[in-house]
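Undergrad: This is the structure I want to talk about, given as structure tokens.
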Amino acid sequence: MADKSAEYRVLLAEPAINYPDGKPIGWVSALRRQSPRLEQVRGPQLFLDVFQEGIMVNIRHYLLGSTPGVLALLKENLTSRFPGVAIVGVESPPFRSMSKREIDEQDERIRVSGAQIVWVGLGTPKQDIEVVRLSSVLPVTAVAIGAAFDFAAGTQKEAPPWMRSSGLEWAYRLGSEPRRLWKRYVFGNARFLKAALIAPRR
């Protein structure tokens with residue numbers, strides 16, 4: 001998407017940390033002999049690791065995105081898995097564009113909750129736009145986390161470990177949701193290969 005959209009490239013260049021969620025990014029980094037070499041940081045595992053480590057310092061979490069049903073399951077699973085975790089808010093925004101008043105009201109709910117980390121699961125690129133906006137208007141760390149909500153809620157199955165370690169997680173997800181994801185992976189993978197291996201470095 002960043003290769004195709006200059007606007008999205010600019011967004012990703014905002015002051016932030018972009019983790020290489022996909023394993024092929026690490027392969028390309030090695031092929032190009034980058035230093036330091038990029039290694040995969042899976043969003044779903046990062047999500048769980050921060051919840052685990054955050055208990056010791058009482059990190060306050062806010063879950064923003066998905067549907068009310070998924071959020072209910074997600075909160076239940078997280079509080080069961082990580083006793084003592086502080087989830088100070090959950091919110092399912094409308095799937096339509098929000099008015100300025102609705103955005104301001106959402107921001108105020110997050111602010112008064114005392115959240116320190118806002119996890120945003122709205123799909124790409126919407127979630128990436130939202131974390132940049134949130135971090136610019138609120139004293140929070142905003143993290144775009146993709147499918148981690150569904151995995152942790154148990155509403156979607158993760159790829160087997162051998163597929164994740166071999167870089168085939170995309171194939172598992174495509175097989176699980178072909179109608180929704182086929183364009184992303186058929187055309188997106190081809191564009192990624194072109195951008196990563198053929199196009200000159202920017």
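A note on labels: chains of the structure tokens are A, B, ... as shown, every chain counts residues from 1, and ligands are counted from 1 in their shown order.
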Please identify all polymer residues within 12 Å of Leu134 in chain A, counting only C-alpha atoms, omitting same-chain residues fewer than 5 positions from it, and present them as a VMD selection string.
TA: chain A and resid 64 103 to 104 106 to 108 110 to 111 115 to 120 127 to 129 139 to 144
Undergrad: Could you take the residues named above and write them with N, CA, C and O atoms, as a PDB file, in the first residue's frame?
TA:
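Saved file out27.pdb follows:
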ATOM      1  N   LEU A  64     -10.048  -0.296  21.054  1.00  0.00           N
ATOM      2  CA  LEU A  64     -10.850   0.499  20.129  1.00  0.00           C
ATOM      3  C   LEU A  64     -10.921  -0.205  18.776  1.00  0.00           C
ATOM      4  O   LEU A  64      -9.899  -0.395  18.115  1.00  0.00           O
ATOM      5  N   ILE A 103     -16.149  12.104  17.043  1.00  0.00           N
ATOM      6  CA  ILE A 103     -14.716  11.900  17.272  1.00  0.00           C
ATOM      7  C   ILE A 103     -14.290  12.573  18.569  1.00  0.00           C
ATOM      8  O   ILE A 103     -13.564  11.988  19.371  1.00  0.00           O
ATOM      9  N   ASP A 104     -14.755  13.804  18.782  1.00  0.00           N
ATOM     10  CA  ASP A 104     -14.404  14.532  20.007  1.00  0.00           C
ATOM     11  C   ASP A 104     -14.923  13.792  21.245  1.00  0.00           C
ATOM     12  O   ASP A 104     -14.229  13.714  22.270  1.00  0.00           O
ATOM     13  N   GLN A 106     -15.541  10.556  21.480  1.00  0.00           N
ATOM     14  CA  GLN A 106     -14.730   9.352  21.651  1.00  0.00           C
ATOM     15  C   GLN A 106     -13.403   9.684  22.318  1.00  0.00           C
ATOM     16  O   GLN A 106     -12.971   9.006  23.255  1.00  0.00           O
ATOM     17  N   ASP A 107     -12.758  10.746  21.860  1.00  0.00           N
ATOM     18  CA  ASP A 107     -11.477  11.157  22.426  1.00  0.00           C
ATOM     19  C   ASP A 107     -11.613  11.502  23.904  1.00  0.00           C
ATOM     20  O   ASP A 107     -10.734  11.187  24.714  1.00  0.00           O
ATOM     21  N   GLU A 108     -12.725  12.139  24.261  1.00  0.00           N
ATOM     22  CA  GLU A 108     -12.936  12.502  25.662  1.00  0.00           C
ATOM     23  C   GLU A 108     -13.128  11.257  26.516  1.00  0.00           C
ATOM     24  O   GLU A 108     -12.628  11.188  27.652  1.00  0.00           O
ATOM     25  N   ILE A 110     -11.792   8.364  25.989  1.00  0.00           N
ATOM     26  CA  ILE A 110     -10.459   7.775  26.155  1.00  0.00           C
ATOM     27  C   ILE A 110      -9.656   8.576  27.174  1.00  0.00           C
ATOM     28  O   ILE A 110      -8.987   8.010  28.047  1.00  0.00           O
ATOM     29  N   ARG A 111      -9.734   9.894  27.072  1.00  0.00           N
ATOM     30  CA  ARG A 111      -8.971  10.751  27.988  1.00  0.00           C
ATOM     31  C   ARG A 111      -9.364  10.531  29.443  1.00  0.00           C
ATOM     32  O   ARG A 111      -8.513  10.325  30.300  1.00  0.00           O
ATOM     33  N   ALA A 115      -6.462   5.885  30.123  1.00  0.00           N
ATOM     34  CA  ALA A 115      -5.723   4.884  29.340  1.00  0.00           C
ATOM     35  C   ALA A 115      -4.328   5.385  29.003  1.00  0.00           C
ATOM     36  O   ALA A 115      -4.126   6.570  28.722  1.00  0.00           O
ATOM     37  N   GLN A 116      -3.381   4.449  29.018  1.00  0.00           N
ATOM     38  CA  GLN A 116      -2.018   4.758  28.597  1.00  0.00           C
ATOM     39  C   GLN A 116      -1.725   4.198  27.205  1.00  0.00           C
ATOM     40  O   GLN A 116      -0.951   4.780  26.460  1.00  0.00           O
ATOM     41  N   ILE A 117      -2.324   3.047  26.901  1.00  0.00           N
ATOM     42  CA  ILE A 117      -2.177   2.455  25.578  1.00  0.00           C
ATOM     43  C   ILE A 117      -3.563   2.263  24.978  1.00  0.00           C
ATOM     44  O   ILE A 117      -4.444   1.687  25.612  1.00  0.00           O
ATOM     45  N   VAL A 118      -3.750   2.757  23.754  1.00  0.00           N
ATOM     46  CA  VAL A 118      -4.986   2.519  23.014  1.00  0.00           C
ATOM     47  C   VAL A 118      -4.651   1.558  21.876  1.00  0.00           C
ATOM     48  O   VAL A 118      -3.855   1.880  20.984  1.00  0.00           O
ATOM     49  N   TRP A 119      -5.233   0.375  21.928  1.00  0.00           N
ATOM     50  CA  TRP A 119      -5.050  -0.622  20.880  1.00  0.00           C
ATOM     51  C   TRP A 119      -6.140  -0.424  19.841  1.00  0.00           C
ATOM     52  O   TRP A 119      -7.322  -0.430  20.174  1.00  0.00           O
ATOM     53  N   VAL A 120      -5.749  -0.250  18.586  1.00  0.00           N
ATOM     54  CA  VAL A 120      -6.703   0.106  17.539  1.00  0.00           C
ATOM     55  C   VAL A 120      -6.768  -1.019  16.507  1.00  0.00           C
ATOM     56  O   VAL A 120      -5.781  -1.311  15.823  1.00  0.00           O
ATOM     57  N   GLN A 127      -6.840   2.019  10.535  1.00  0.00           N
ATOM     58  CA  GLN A 127      -6.263   2.001  11.879  1.00  0.00           C
ATOM     59  C   GLN A 127      -4.960   2.802  11.933  1.00  0.00           C
ATOM     60  O   GLN A 127      -4.637   3.413  12.951  1.00  0.00           O
ATOM     61  N   ASP A 128      -4.214   2.812  10.854  1.00  0.00           N
ATOM     62  CA  ASP A 128      -2.958   3.560  10.834  1.00  0.00           C
ATOM     63  C   ASP A 128      -3.221   5.068  10.878  1.00  0.00           C
ATOM     64  O   ASP A 128      -2.510   5.816  11.549  1.00  0.00           O
ATOM     65  N   ILE A 129      -4.248   5.486  10.157  1.00  0.00           N
ATOM     66  CA  ILE A 129      -4.642   6.893  10.194  1.00  0.00           C
ATOM     67  C   ILE A 129      -5.099   7.276  11.597  1.00  0.00           C
ATOM     68  O   ILE A 129      -4.745   8.334  12.125  1.00  0.00           O
ATOM     69  N   PRO A 139      -2.619  12.151  25.322  1.00  0.00           N
ATOM     70  CA  PRO A 139      -1.354  11.678  25.907  1.00  0.00           C
ATOM     71  C   PRO A 139      -1.348  10.158  26.053  1.00  0.00           C
ATOM     72  O   PRO A 139      -1.316   9.612  27.157  1.00  0.00           O
ATOM     73  N   VAL A 140      -1.416   9.457  24.922  1.00  0.00           N
ATOM     74  CA  VAL A 140      -1.467   7.995  24.927  1.00  0.00           C
ATOM     75  C   VAL A 140      -0.489   7.442  23.901  1.00  0.00           C
ATOM     76  O   VAL A 140      -0.068   8.149  22.980  1.00  0.00           O
ATOM     77  N   THR A 141      -0.165   6.174  24.069  1.00  0.00           N
ATOM     78  CA  THR A 141       0.509   5.419  23.017  1.00  0.00           C
ATOM     79  C   THR A 141      -0.580   4.686  22.252  1.00  0.00           C
ATOM     80  O   THR A 141      -1.334   3.906  22.842  1.00  0.00           O
ATOM     81  N   ALA A 142      -0.690   4.956  20.975  1.00  0.00           N
ATOM     82  CA  ALA A 142      -1.717   4.322  20.143  1.00  0.00           C
ATOM     83  C   ALA A 142      -1.041   3.297  19.242  1.00  0.00           C
ATOM     84  O   ALA A 142      -0.026   3.595  18.609  1.00  0.00           O
ATOM     85  N   VAL A 143      -1.607   2.090  19.211  1.00  0.00           N
ATOM     86  CA  VAL A 143      -0.986   0.994  18.470  1.00  0.00           C
ATOM     87  C   VAL A 143      -1.998   0.374  17.516  1.00  0.00           C
ATOM     88  O   VAL A 143      -3.064  -0.090  17.940  1.00  0.00           O
ATOM     89  N   ALA A 144      -1.659   0.367  16.229  1.00  0.00           N
ATOM     90  CA  ALA A 144      -2.484  -0.320  15.231  1.00  0.00           C
ATOM     91  C   ALA A 144      -2.161  -1.806  15.301  1.00  0.00           C
ATOM     92  O   ALA A 144      -1.009  -2.198  15.125  1.00  0.00           O
TER      93      ALA A 144
END
Undergrad: Residues near Phe47 in chain A, anyone? I mean within 9 Å using only C-alpha atoms, not counting same-chain ones fewer than 3 positions away, as an MDAnalysis selection string.
TA: chainID A and resid 42:44 50:52 119 145 148:149 152
Undergrad: Write out, as a CSV table (one decimal), in the first residue's frame, the residues just selected, with all heavy atoms.
TA:
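Ended up saving to part-v4.csv:
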chain,number,residue,atom,x,y,z
A,42,ARG,N,5.5,-10.0,15.3
A,42,ARG,CA,4.1,-10.3,15.0
A,42,ARG,C,3.2,-9.5,15.9
A,42,ARG,O,3.3,-9.5,17.1
A,42,ARG,CB,3.8,-11.8,15.2
A,42,ARG,CG,4.3,-12.7,14.1
A,42,ARG,CD,3.8,-14.1,14.2
A,42,ARG,NE,2.4,-14.2,13.9
A,42,ARG,CZ,1.4,-14.4,14.8
A,42,ARG,NH1,1.6,-14.6,16.0
A,42,ARG,NH2,0.1,-14.5,14.4
A,43,GLY,N,2.3,-8.7,15.2
A,43,GLY,CA,1.4,-7.9,16.0
A,43,GLY,C,0.6,-8.7,17.1
A,43,GLY,O,0.5,-8.2,18.2
A,44,PRO,N,0.0,-9.8,16.7
A,44,PRO,CA,-0.8,-10.6,17.7
A,44,PRO,C,0.0,-11.0,18.9
A,44,PRO,O,-0.5,-11.0,20.1
A,44,PRO,CB,-1.3,-11.8,16.9
A,44,PRO,CG,-1.4,-11.3,15.5
A,44,PRO,CD,-0.2,-10.4,15.4
A,50,VAL,N,2.6,-7.4,25.6
A,50,VAL,CA,2.5,-6.1,26.3
A,50,VAL,C,1.4,-6.3,27.5
A,50,VAL,O,1.6,-5.7,28.5
A,50,VAL,CB,2.1,-5.0,25.4
A,50,VAL,CG1,1.8,-3.7,26.1
A,50,VAL,CG2,3.2,-4.7,24.4
A,51,PHE,N,0.4,-7.0,27.2
A,51,PHE,CA,-0.6,-7.2,28.3
A,51,PHE,C,0.1,-8.0,29.4
A,51,PHE,O,-0.1,-7.7,30.6
A,51,PHE,CB,-1.8,-8.0,27.8
A,51,PHE,CG,-2.9,-7.1,27.3
A,51,PHE,CD1,-2.9,-6.6,26.0
A,51,PHE,CD2,-4.0,-6.8,28.1
A,51,PHE,CE1,-3.9,-5.7,25.6
A,51,PHE,CE2,-5.0,-6.0,27.7
A,51,PHE,CZ,-5.0,-5.4,26.4
A,52,GLN,N,0.9,-9.0,29.1
A,52,GLN,CA,1.5,-9.8,30.2
A,52,GLN,C,2.5,-8.9,31.0
A,52,GLN,O,2.4,-8.9,32.2
A,52,GLN,CB,2.3,-10.9,29.5
A,52,GLN,CG,3.1,-11.8,30.5
A,52,GLN,CD,2.3,-12.5,31.5
A,52,GLN,OE1,1.5,-13.4,31.1
A,52,GLN,NE2,2.4,-12.2,32.8
A,119,TRP,N,-5.2,0.4,21.9
A,119,TRP,CA,-5.0,-0.6,20.9
A,119,TRP,C,-6.1,-0.4,19.8
A,119,TRP,O,-7.3,-0.4,20.2
A,119,TRP,CB,-5.1,-2.0,21.5
A,119,TRP,CG,-4.1,-2.3,22.5
A,119,TRP,CD1,-4.3,-2.2,23.9
A,119,TRP,CD2,-2.8,-2.7,22.3
A,119,TRP,NE1,-3.1,-2.5,24.5
A,119,TRP,CE2,-2.1,-2.9,23.6
A,119,TRP,CE3,-2.0,-3.0,21.2
A,119,TRP,CZ2,-0.8,-3.3,23.7
A,119,TRP,CZ3,-0.7,-3.4,21.3
A,119,TRP,CH2,-0.1,-3.5,22.6
A,145,ILE,N,-3.2,-2.6,15.6
A,145,ILE,CA,-2.9,-4.0,15.9
A,145,ILE,C,-3.6,-5.1,15.0
A,145,ILE,O,-3.4,-6.3,15.2
A,145,ILE,CB,-3.3,-4.3,17.4
A,145,ILE,CG1,-2.4,-5.4,18.0
A,145,ILE,CG2,-4.7,-4.4,17.6
A,145,ILE,CD1,-0.9,-5.2,18.0
A,148,ALA,N,-5.2,-8.9,15.6
A,148,ALA,CA,-4.9,-9.4,17.0
A,148,ALA,C,-6.2,-9.5,17.8
A,148,ALA,O,-6.3,-10.4,18.7
A,148,ALA,CB,-3.9,-8.5,17.7
A,149,PHE,N,-7.1,-8.5,17.6
A,149,PHE,CA,-8.4,-8.6,18.4
A,149,PHE,C,-9.1,-9.9,18.1
A,149,PHE,O,-9.6,-10.6,19.1
A,149,PHE,CB,-9.3,-7.4,18.0
A,149,PHE,CG,-9.0,-6.1,18.6
A,149,PHE,CD1,-7.8,-5.9,19.3
A,149,PHE,CD2,-9.9,-5.0,18.5
A,149,PHE,CE1,-7.5,-4.7,19.9
A,149,PHE,CE2,-9.6,-3.8,19.1
A,149,PHE,CZ,-8.4,-3.6,19.8
A,152,ALA,N,-7.1,-13.0,19.6
A,152,ALA,CA,-7.2,-13.1,21.1
A,152,ALA,C,-8.6,-13.3,21.6
A,152,ALA,O,-8.8,-13.9,22.7
A,152,ALA,CB,-6.6,-11.8,21.7
Undergrad: Measuring between only C-alpha atoms, which one of A:Tyr62, A:Trp27, A:Trp162, A:Tyr19 shows the shortest distance to Val41 in chain A?
TA: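 Of the candidates, the smallest distance to Val41 in chain A is held by A:Tyr19.
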Undergrad: Could you work out how far CA of Ala2 in chain A lies from CA of Val70 in chain A, giving the answer in Å with one decimal?
TA: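 Between these atoms lies a distance of 28.9 Å.
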Undergrad: Please determine, counting only C-alpha atoms, which residue among A:Gly54, A:Gly69, A:Gly114, A:Gly167 has the shortest atom-to-atom distance to Val85 in chain A.
TA: A:Gly54
Undergrad: DSSP on the backbone, then: every residue of range 94-164 of chain A marked strand (DSSP E), written as a PyMOL selection string.
TA: chain A and resi 117-121+141-144
Undergrad: Do a neighbour search on Trp170 in chain A at 9 Å with only C-alpha atoms, toss out local chain neighbours closer than 4 positions, and write the hits as a PyMOL selection string.
TA: chain A and resi 22+159+163-164+174-175+185
Undergrad: Nearest to Val90 in chain A among A:Glu76, A:Glu169, A:Asp21, A:Glu177, with distances taken over only C-alpha atoms: which residue is it?
TA: A:Glu76
Undergrad: Could you give me, as an NGL selection string, the residues within 12 Å of Arg37 in chain A, counting only C-alpha atoms and dropping anything in the same chain fewer than 3 positions from it?
TA: :A and (20 or 25-34 or 40)
Undergrad: Write to file, as an mmCIF file, in the first residue's frame, the residues of the selection just made, with N, CA, C and O atoms.
TA:
data_model
loop_
_atom_site.group_PDB
_atom_site.id
_atom_site.type_symbol
_atom_site.label_atom_id
_atom_site.label_comp_id
_atom_site.auth_asym_id
_atom_site.auth_seq_id
_atom_site.Cartn_x
_atom_site.Cartn_y
_atom_site.Cartn_z
ATOM 1 N N PRO A 20 8.060 -4.657 11.665
ATOM 2 C CA PRO A 20 7.866 -5.528 10.500
ATOM 3 C C PRO A 20 7.025 -6.744 10.865
ATOM 4 O O PRO A 20 7.535 -7.771 11.307
ATOM 5 N N ILE A 25 9.311 -9.467 5.161
ATOM 6 C CA ILE A 25 10.065 -8.219 5.299
ATOM 7 C C ILE A 25 11.458 -8.517 5.844
ATOM 8 O O ILE A 25 12.454 -7.928 5.419
ATOM 9 N N GLY A 26 11.541 -9.458 6.779
ATOM 10 C CA GLY A 26 12.840 -9.875 7.300
ATOM 11 C C GLY A 26 13.693 -10.532 6.232
ATOM 12 O O GLY A 26 14.912 -10.334 6.172
ATOM 13 N N TRP A 27 13.053 -11.326 5.367
ATOM 14 C CA TRP A 27 13.802 -11.970 4.283
ATOM 15 C C TRP A 27 14.393 -10.923 3.340
ATOM 16 O O TRP A 27 15.554 -11.020 2.938
ATOM 17 N N VAL A 28 13.600 -9.934 2.975
ATOM 18 C CA VAL A 28 14.078 -8.892 2.073
ATOM 19 C C VAL A 28 15.196 -8.091 2.735
ATOM 20 O O VAL A 28 16.190 -7.727 2.092
ATOM 21 N N SER A 29 15.044 -7.824 4.022
ATOM 22 C CA SER A 29 16.069 -7.093 4.756
ATOM 23 C C SER A 29 17.403 -7.844 4.712
ATOM 24 O O SER A 29 18.459 -7.250 4.519
ATOM 25 N N ALA A 30 17.349 -9.160 4.873
ATOM 26 C CA ALA A 30 18.567 -9.965 4.810
ATOM 27 C C ALA A 30 19.138 -9.980 3.395
ATOM 28 O O ALA A 30 20.353 -9.873 3.196
ATOM 29 N N LEU A 31 18.243 -10.105 2.403
ATOM 30 C CA LEU A 31 18.680 -10.148 1.010
ATOM 31 C C LEU A 31 19.376 -8.852 0.615
ATOM 32 O O LEU A 31 20.360 -8.863 -0.132
ATOM 33 N N ARG A 32 18.868 -7.758 1.142
ATOM 34 C CA ARG A 32 19.455 -6.451 0.820
ATOM 35 C C ARG A 32 20.614 -6.092 1.753
ATOM 36 O O ARG A 32 21.176 -5.010 1.644
ATOM 37 N N ARG A 33 20.915 -6.996 2.674
ATOM 38 C CA ARG A 33 22.034 -6.810 3.612
ATOM 39 C C ARG A 33 21.904 -5.499 4.383
ATOM 40 O O ARG A 33 22.866 -4.756 4.550
ATOM 41 N N GLN A 34 20.695 -5.266 4.854
ATOM 42 C CA GLN A 34 20.472 -4.059 5.644
ATOM 43 C C GLN A 34 21.097 -4.204 7.018
ATOM 44 O O GLN A 34 21.197 -5.300 7.563
ATOM 45 N N GLN A 40 11.040 -10.114 12.124
ATOM 46 C CA GLN A 40 9.594 -10.063 12.298
ATOM 47 C C GLN A 40 9.188 -9.825 13.744
ATOM 48 O O GLN A 40 9.747 -10.420 14.671
#
Undergrad: What does the distance from CA of Pro36 in chain A to CA of Leu48 in chain A come to in Å, to one decimal?
TA: 25.5 Å
Undergrad: In Å to one decimal, how far is CA of Pro68 in chain A from CA of Ala147 in chain A?
TA: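 So the two atoms, CA of Ala147 in chain A and CA of Pro68 in chain A, lie 15.2 Å apart.
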Undergrad: Which residue out of A:Thr124, A:Ala13, A:Ala86, A:Arg133 has the minimum interatomic distance to Ile59 in chain A when only C-alpha atoms are used?
TA: A:Ala86
Undergrad: As a PyMOL selection string, which residues of range 44-78 of chain A does DSSP assign to alpha helix (DSSP H)?
TA: chain A and resi 44-54+68-78
Undergrad: I want to know what sits within 9 Å of Leu73 in chain A, based on only C-alpha atoms, with residues of the same chain fewer than 6 positions away left out; could you give that as a list in words?
TA: Ala152, Ala153, Gly154 and Thr155 of chain A
